[in-house]
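Colleague: For reference, the structure I am asking about is given below.
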2 protein chains.
Amino acid sequence: MKVVIIGAGNVATHLAIALSSKVNIVQIFSRNKDNALTLANKIGGFVEAVDNLDHIESNADVYLISVKDDAIEPIVERVSRLGNNALWLHTSGSKSIDVFRTHLSRFGVLYPLQTFSKDVALNMEEVPFFIEGRDDETSREIKNIATLISNRVFYADSEKRRQMHIAAVFACNFANYLWTISDEILSEANLPFDVLLPLIKASVEKIGKVAPSLAQTGPAARGDMNIISDHLNSLAGNKKEIYQLLSESILNHKNNL
Amino acid sequence: MKVVIIGAGNVATHLAIALSSKVNIVQIFSRNKDNALTLANKIGGFVEAVDNLDHIESNADVYLISVKDDAIEPIVERVSRLGNNALWLHTSGSKSIDVFRTHLSRFGVLYPLQTFSKDVALNMEEVPFFIEGRDDETSREIKNIATLISNRVFYADSEKRRQMHIAAVFACNFANYLWTISDEILSEANLPFDVLLPLIKASVEKIGKVAPSLAQTGPAARGDMNIISDHLNSLAGNKKEIYQLLSESILNHKNNL
């Protein structure tokens, strides 16, 4: 299977390295030639690095587009001349499969749910991949490719992928913001943020074993109104609003069980 | 140093085991004799198990009270006859040091910031301990005891300990509630919660290396108003309110940097 990688960012780098022992990567495209060369060198073998979309191979089996969301469509328009028979994939969590629809005939999505840093190796087998093909046959092909590198492959249409993105915003982006608030509160008390790390890690270990709703602890989960009002009294502004809304939600959640 | 442990719950168990190789634990008290015996057996040696407060040794150097918050004061009242010379400690994050003040003369707090389960061993050396003594000399004594079992000992008066508790509510209890929301969103999309675990773990690893405010990613951190309003449109009720409040807070936070 001949594969062209379009993009040389974090996701492209991790996918290309994971795929390189399973498929024949023939070309890396990046607008920045140095980035394309760096990735080509990481993979080794006879991988060409190109920085001009017109120089992309026309006879590959799979084209994997792994670039910023807004760059996907312009690239698809430019390269559509290449590929009626090839399989075209993007790796975005937010872009619909429809970005391909008027330009190509075999296409889909191969989305790894993980945050990647170029220089931090990670075990790709454990990364959940969400795939979507334009039809069942294409979905099967994409599933086969994803299965080459991960043990955790799920089918998710664009709507399902969107729901997952919302879930990830709550679980990661918003959780991180709560940690920012904790950091600010601790700084005011002259305590370093990392005193909380063992407790945060223990909380994450717990939700690896039981559902988060069963792992809920704290004043609101206990219905301890004295502590809640004591805490609210010593908070102000945004922090107070957030404390109040989340405590009320936990109290209601508890009462609805 | 002769130590009596009052309590045989999760915290008492972990502290007693960690202390047992450093000090001479002479007695375990629990209202439930079986629990006292179980802990005494875990420690080994000549440790007496008692279930009657009147049978508590009168000549120990340290009495460590590790029971539910509301049970501390009644116990202190009952045992105050024992100890003008001994050091009395409780292990609560929320109870003030004042619970001892009218009853005893040498006292303080030894609070380990971690969630304990009786049968899950953990590395006590990494658990942050927060100590407070009635005066500087007592604080030094308590610090010496804490240092026997942990490398991370901090002084925190009752107000500082309260601030830390608020920070922990944000960092752990509220973060866990966000994970509950994610779980619900994923269930609706027929996806298992554990697809998010690798991403959550990566987020926690990140805040072990950089401050959470620097680790912030996501639609609000990017100022991507299209995605935010798209997500808000597909949420309702509590989830929508929480998404909105946290996104606004992240947007404001970003603009204030």
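We label chains A, B, ... in the order they appear in the structure tokens, count residues from 1 in each chain, and number ligands from 1 in the order shown.
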Using only C-alpha atoms, select each residue of chain B with any atom at most 7 Å away from an atom of chain A, and give the selection as an NGL selection string.

Modeller: :B and (114-115 or 127-128 or 160 or 163-164 or 166-180 or 182 or 185-186 or 189 or 195-196 or 198-200 or 203 or 212-213 or 216-218 or 231 or 238 or 246 or 249)

Colleague: Set the distance at 12 Å and use only C-alpha atoms: which residues neighbour Leu39 of chain A once local chain neighbours fewer than 5 positions away are removed? I'd like the list as number ranges by chain.

Modeller: A: 5-17, 20, 25, 27-30, 32-34, 44-45, 47-50, 118-119

Colleague: Write a file of the selected residues as a compact mmCIF listing (two decimals), in the first residue's frame, keeping N, CA, C and O atoms.

Modeller:
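The resulting again_25.txt:
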```txt
# COMPACT_ATOMS: atom_id res chain seq x y z
N ILE A 5 1.73 11.26 2.74
CA ILE A 5 1.32 12.03 3.92
C ILE A 5 1.35 13.51 3.56
O ILE A 5 2.39 14.04 3.16
N ILE A 6 0.22 14.17 3.71
CA ILE A 6 0.14 15.60 3.42
C ILE A 6 0.07 16.32 4.76
O ILE A 6 -0.95 16.26 5.47
N GLY A 7 1.18 16.96 5.12
CA GLY A 7 1.30 17.59 6.44
C GLY A 7 2.52 17.01 7.16
O GLY A 7 2.92 15.88 6.89
N ALA A 8 3.11 17.83 8.02
CA ALA A 8 4.28 17.36 8.77
C ALA A 8 4.24 17.90 10.20
O ALA A 8 5.27 18.09 10.85
N GLY A 9 3.02 18.15 10.69
CA GLY A 9 2.85 18.65 12.07
C GLY A 9 2.88 17.50 13.07
O GLY A 9 3.36 16.41 12.76
N ASN A 10 2.34 17.77 14.26
CA ASN A 10 2.39 16.76 15.33
C ASN A 10 1.64 15.49 14.98
O ASN A 10 2.16 14.39 15.14
N VAL A 11 0.39 15.65 14.51
CA VAL A 11 -0.41 14.47 14.21
C VAL A 11 0.19 13.71 13.04
O VAL A 11 0.37 12.48 13.09
N ALA A 12 0.55 14.45 11.96
CA ALA A 12 1.15 13.81 10.78
C ALA A 12 2.40 13.03 11.18
O ALA A 12 2.62 11.90 10.73
N THR A 13 3.22 13.63 12.03
CA THR A 13 4.47 12.98 12.43
C THR A 13 4.21 11.66 13.15
O THR A 13 4.78 10.62 12.81
N HIS A 14 3.31 11.69 14.14
CA HIS A 14 3.04 10.46 14.90
C HIS A 14 2.39 9.39 14.03
O HIS A 14 2.72 8.21 14.13
N LEU A 15 1.46 9.80 13.16
CA LEU A 15 0.80 8.81 12.30
C LEU A 15 1.80 8.23 11.30
O LEU A 15 1.82 7.02 11.06
N ALA A 16 2.62 9.10 10.70
CA ALA A 16 3.58 8.62 9.69
C ALA A 16 4.55 7.63 10.31
O ALA A 16 4.83 6.57 9.74
N ILE A 17 5.04 7.96 11.51
CA ILE A 17 5.99 7.04 12.16
C ILE A 17 5.31 5.71 12.48
O ILE A 17 5.84 4.63 12.23
N SER A 20 4.75 3.74 9.27
CA SER A 20 5.89 3.50 8.37
C SER A 20 6.35 2.04 8.36
O SER A 20 6.88 1.57 7.35
N ILE A 25 5.32 4.34 2.84
CA ILE A 25 5.15 5.79 2.73
C ILE A 25 6.10 6.29 1.66
O ILE A 25 7.32 6.10 1.75
N GLN A 27 5.87 9.59 0.08
CA GLN A 27 6.08 11.03 0.00
C GLN A 27 5.53 11.73 1.24
O GLN A 27 4.52 11.31 1.81
N ILE A 28 6.23 12.82 1.63
CA ILE A 28 5.72 13.72 2.65
C ILE A 28 5.61 15.10 2.01
O ILE A 28 6.58 15.61 1.45
N PHE A 29 4.42 15.69 2.10
CA PHE A 29 4.28 17.07 1.64
C PHE A 29 4.17 18.00 2.85
O PHE A 29 3.45 17.71 3.81
N SER A 30 4.92 19.11 2.80
CA SER A 30 4.64 20.21 3.73
C SER A 30 4.95 21.50 2.99
O SER A 30 5.88 21.55 2.18
N ASN A 32 6.35 23.79 4.18
CA ASN A 32 7.69 24.09 4.65
C ASN A 32 8.59 22.88 4.37
O ASN A 32 8.47 21.84 5.00
N LYS A 33 9.48 23.05 3.38
CA LYS A 33 10.30 21.92 2.92
C LYS A 33 11.10 21.29 4.06
O LYS A 33 11.24 20.06 4.13
N ASP A 34 11.64 22.13 4.95
CA ASP A 34 12.43 21.60 6.06
C ASP A 34 11.63 20.63 6.92
O ASP A 34 12.12 19.59 7.33
N GLY A 44 12.89 7.42 7.48
CA GLY A 44 13.97 6.67 6.83
C GLY A 44 13.49 6.04 5.53
O GLY A 44 12.37 6.30 5.08
N GLY A 45 14.32 5.24 4.90
CA GLY A 45 13.94 4.59 3.64
C GLY A 45 13.91 5.61 2.51
O GLY A 45 14.54 6.68 2.58
N VAL A 47 11.83 8.01 1.18
CA VAL A 47 10.65 8.86 1.27
C VAL A 47 11.01 10.22 0.70
O VAL A 47 11.96 10.86 1.15
N GLU A 48 10.24 10.65 -0.28
CA GLU A 48 10.51 11.95 -0.90
C GLU A 48 9.85 13.06 -0.08
O GLU A 48 8.74 12.88 0.43
N ALA A 49 10.52 14.19 0.07
CA ALA A 49 9.93 15.35 0.74
C ALA A 49 9.62 16.41 -0.33
O ALA A 49 10.49 16.78 -1.11
N VAL A 50 8.37 16.89 -0.37
CA VAL A 50 8.01 17.91 -1.36
C VAL A 50 7.29 19.07 -0.68
O VAL A 50 6.67 18.91 0.37
N LYS A 118 5.49 16.56 19.06
CA LYS A 118 6.38 15.92 18.10
C LYS A 118 7.42 15.03 18.77
O LYS A 118 7.73 13.96 18.30
N ASP A 119 7.98 15.52 19.88
CA ASP A 119 9.13 14.82 20.44
C ASP A 119 8.81 13.91 21.62
O ASP A 119 9.69 13.40 22.27
```

Colleague: Which residue, A:Glu141, A:Asp51, A:Asp98, A:Glu57, has the smallest gap to Ile72 of chain A when you use only C-alpha atoms?

Modeller: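 Nearest candidate to Ile72 of chain A out of A:Glu141, A:Asp51, A:Asp98, A:Glu57: A:Asp98.
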
Colleague: For Phe100 of chain B, find every residue with an atom within 12 Å (counting only C-alpha atoms), except residues of its own chain fewer than 5 positions away, and show them as a ChimeraX atom specification.

Modeller: /B:65,72-80,83-84,87-90,95,105-109,133-134

Colleague: Save out the residues we just selected, N, CA, C and O atoms, as a compact mmCIF listing (two decimals), in the first residue's frame.

Modeller:
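This is the output file part11.txt:
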```txt
# COMPACT_ATOMS: atom_id res chain seq x y z
N ILE B 65 -5.43 11.30 66.49
CA ILE B 65 -6.87 11.08 66.31
C ILE B 65 -7.21 11.15 64.83
O ILE B 65 -7.10 12.20 64.20
N ILE B 72 -14.36 14.08 66.22
CA ILE B 72 -13.13 14.54 66.87
C ILE B 72 -13.41 15.18 68.22
O ILE B 72 -12.85 14.79 69.24
N GLU B 73 -14.34 16.17 68.22
CA GLU B 73 -14.56 16.93 69.45
C GLU B 73 -15.04 16.06 70.61
O GLU B 73 -14.48 16.14 71.72
N PRO B 74 -16.06 15.19 70.40
CA PRO B 74 -16.47 14.33 71.52
C PRO B 74 -15.32 13.47 72.06
O PRO B 74 -15.22 13.27 73.28
N ILE B 75 -14.46 13.01 71.19
CA ILE B 75 -13.33 12.21 71.67
C ILE B 75 -12.38 13.07 72.49
O ILE B 75 -11.95 12.69 73.59
N VAL B 76 -12.08 14.26 71.98
CA VAL B 76 -11.17 15.16 72.70
C VAL B 76 -11.70 15.44 74.11
O VAL B 76 -10.96 15.42 75.09
N GLU B 77 -13.02 15.66 74.19
CA GLU B 77 -13.60 15.92 75.52
C GLU B 77 -13.41 14.73 76.46
O GLU B 77 -13.05 14.91 77.62
N ARG B 78 -13.65 13.53 75.95
CA ARG B 78 -13.56 12.33 76.78
C ARG B 78 -12.13 12.04 77.25
O ARG B 78 -11.93 11.50 78.34
N VAL B 79 -11.14 12.34 76.38
CA VAL B 79 -9.79 11.89 76.70
C VAL B 79 -8.93 12.99 77.32
O VAL B 79 -7.76 12.74 77.65
N SER B 80 -9.51 14.17 77.48
CA SER B 80 -8.67 15.29 77.91
C SER B 80 -8.02 15.03 79.27
O SER B 80 -6.98 15.58 79.60
N GLY B 83 -4.06 13.91 79.05
CA GLY B 83 -2.82 14.30 78.48
C GLY B 83 -2.31 15.70 78.58
O GLY B 83 -2.25 16.36 77.56
N ASN B 84 -1.88 16.16 79.73
CA ASN B 84 -1.28 17.48 79.70
C ASN B 84 0.10 17.50 79.07
O ASN B 84 0.51 18.49 78.50
N LEU B 87 1.42 14.98 73.19
CA LEU B 87 1.08 15.77 72.00
C LEU B 87 -0.15 15.15 71.36
O LEU B 87 -0.16 13.95 71.06
N TRP B 88 -1.19 15.96 71.18
CA TRP B 88 -2.44 15.48 70.59
C TRP B 88 -2.58 16.02 69.17
O TRP B 88 -2.47 17.21 68.93
N LEU B 89 -2.88 15.11 68.22
CA LEU B 89 -2.99 15.53 66.82
C LEU B 89 -4.28 15.02 66.21
O LEU B 89 -4.72 13.91 66.51
N HIS B 90 -4.87 15.83 65.32
CA HIS B 90 -5.92 15.24 64.45
C HIS B 90 -5.44 15.32 63.00
O HIS B 90 -4.45 15.99 62.70
N LYS B 95 -11.24 20.48 59.87
CA LYS B 95 -11.42 20.89 61.26
C LYS B 95 -10.29 21.81 61.71
O LYS B 95 -9.11 21.54 61.46
N SER B 105 -3.23 20.96 76.22
CA SER B 105 -2.25 22.04 76.16
C SER B 105 -1.24 21.90 75.02
O SER B 105 -0.68 22.89 74.56
N ARG B 106 -0.96 20.68 74.58
CA ARG B 106 -0.02 20.51 73.46
C ARG B 106 -0.74 19.79 72.34
O ARG B 106 -1.11 18.61 72.48
N PHE B 107 -0.94 20.46 71.22
CA PHE B 107 -1.82 19.89 70.18
C PHE B 107 -1.51 20.50 68.81
O PHE B 107 -0.81 21.52 68.71
N GLY B 108 -2.09 19.85 67.80
CA GLY B 108 -1.89 20.34 66.45
C GLY B 108 -2.56 19.44 65.42
O GLY B 108 -3.37 18.57 65.77
N VAL B 109 -2.21 19.69 64.15
CA VAL B 109 -2.85 19.00 63.04
C VAL B 109 -1.76 18.37 62.17
O VAL B 109 -0.70 18.95 61.95
N GLY B 133 0.86 23.55 64.47
CA GLY B 133 0.97 23.32 65.91
C GLY B 133 0.44 24.52 66.67
O GLY B 133 0.33 25.62 66.13
N ARG B 134 0.12 24.33 67.95
CA ARG B 134 -0.44 25.44 68.73
C ARG B 134 0.59 26.55 68.92
O ARG B 134 0.24 27.70 69.17
```

Colleague: Check the DSSP output for the backbone and give back, as JSON, numbers by chain, the residues of segment 150-217 of chain A in alpha helix (DSSP H).

Modeller: {"A": [158, 159, 160, 161, 162, 163, 164, 165, 166, 167, 168, 175, 176, 177, 178, 179, 180, 181, 182, 183, 184, 185, 186, 187, 188, 197, 198, 199, 200, 201, 202, 203, 204, 205, 206, 207, 212, 213, 214, 215]}

Colleague: Report the distance between atom CA of Ala18 of chain B and atom CA of Leu148 of chain B in Å, rounded to one decimal place.

Modeller: 8.6 Å

Colleague: If you run DSSP over the backbone, which residues in segment 13-254 of chain B end up strand (DSSP E)? Put them as number ranges by chain.

Modeller: B: 24-29, 48-50, 62-65, 87-90, 107-112, 129-133, 153-155

Colleague: State, in Å with one decimal place, the distance from atom CA of Asn85 of chain A to atom CA of Asp69 of chain A.

Modeller: 24.0 Å
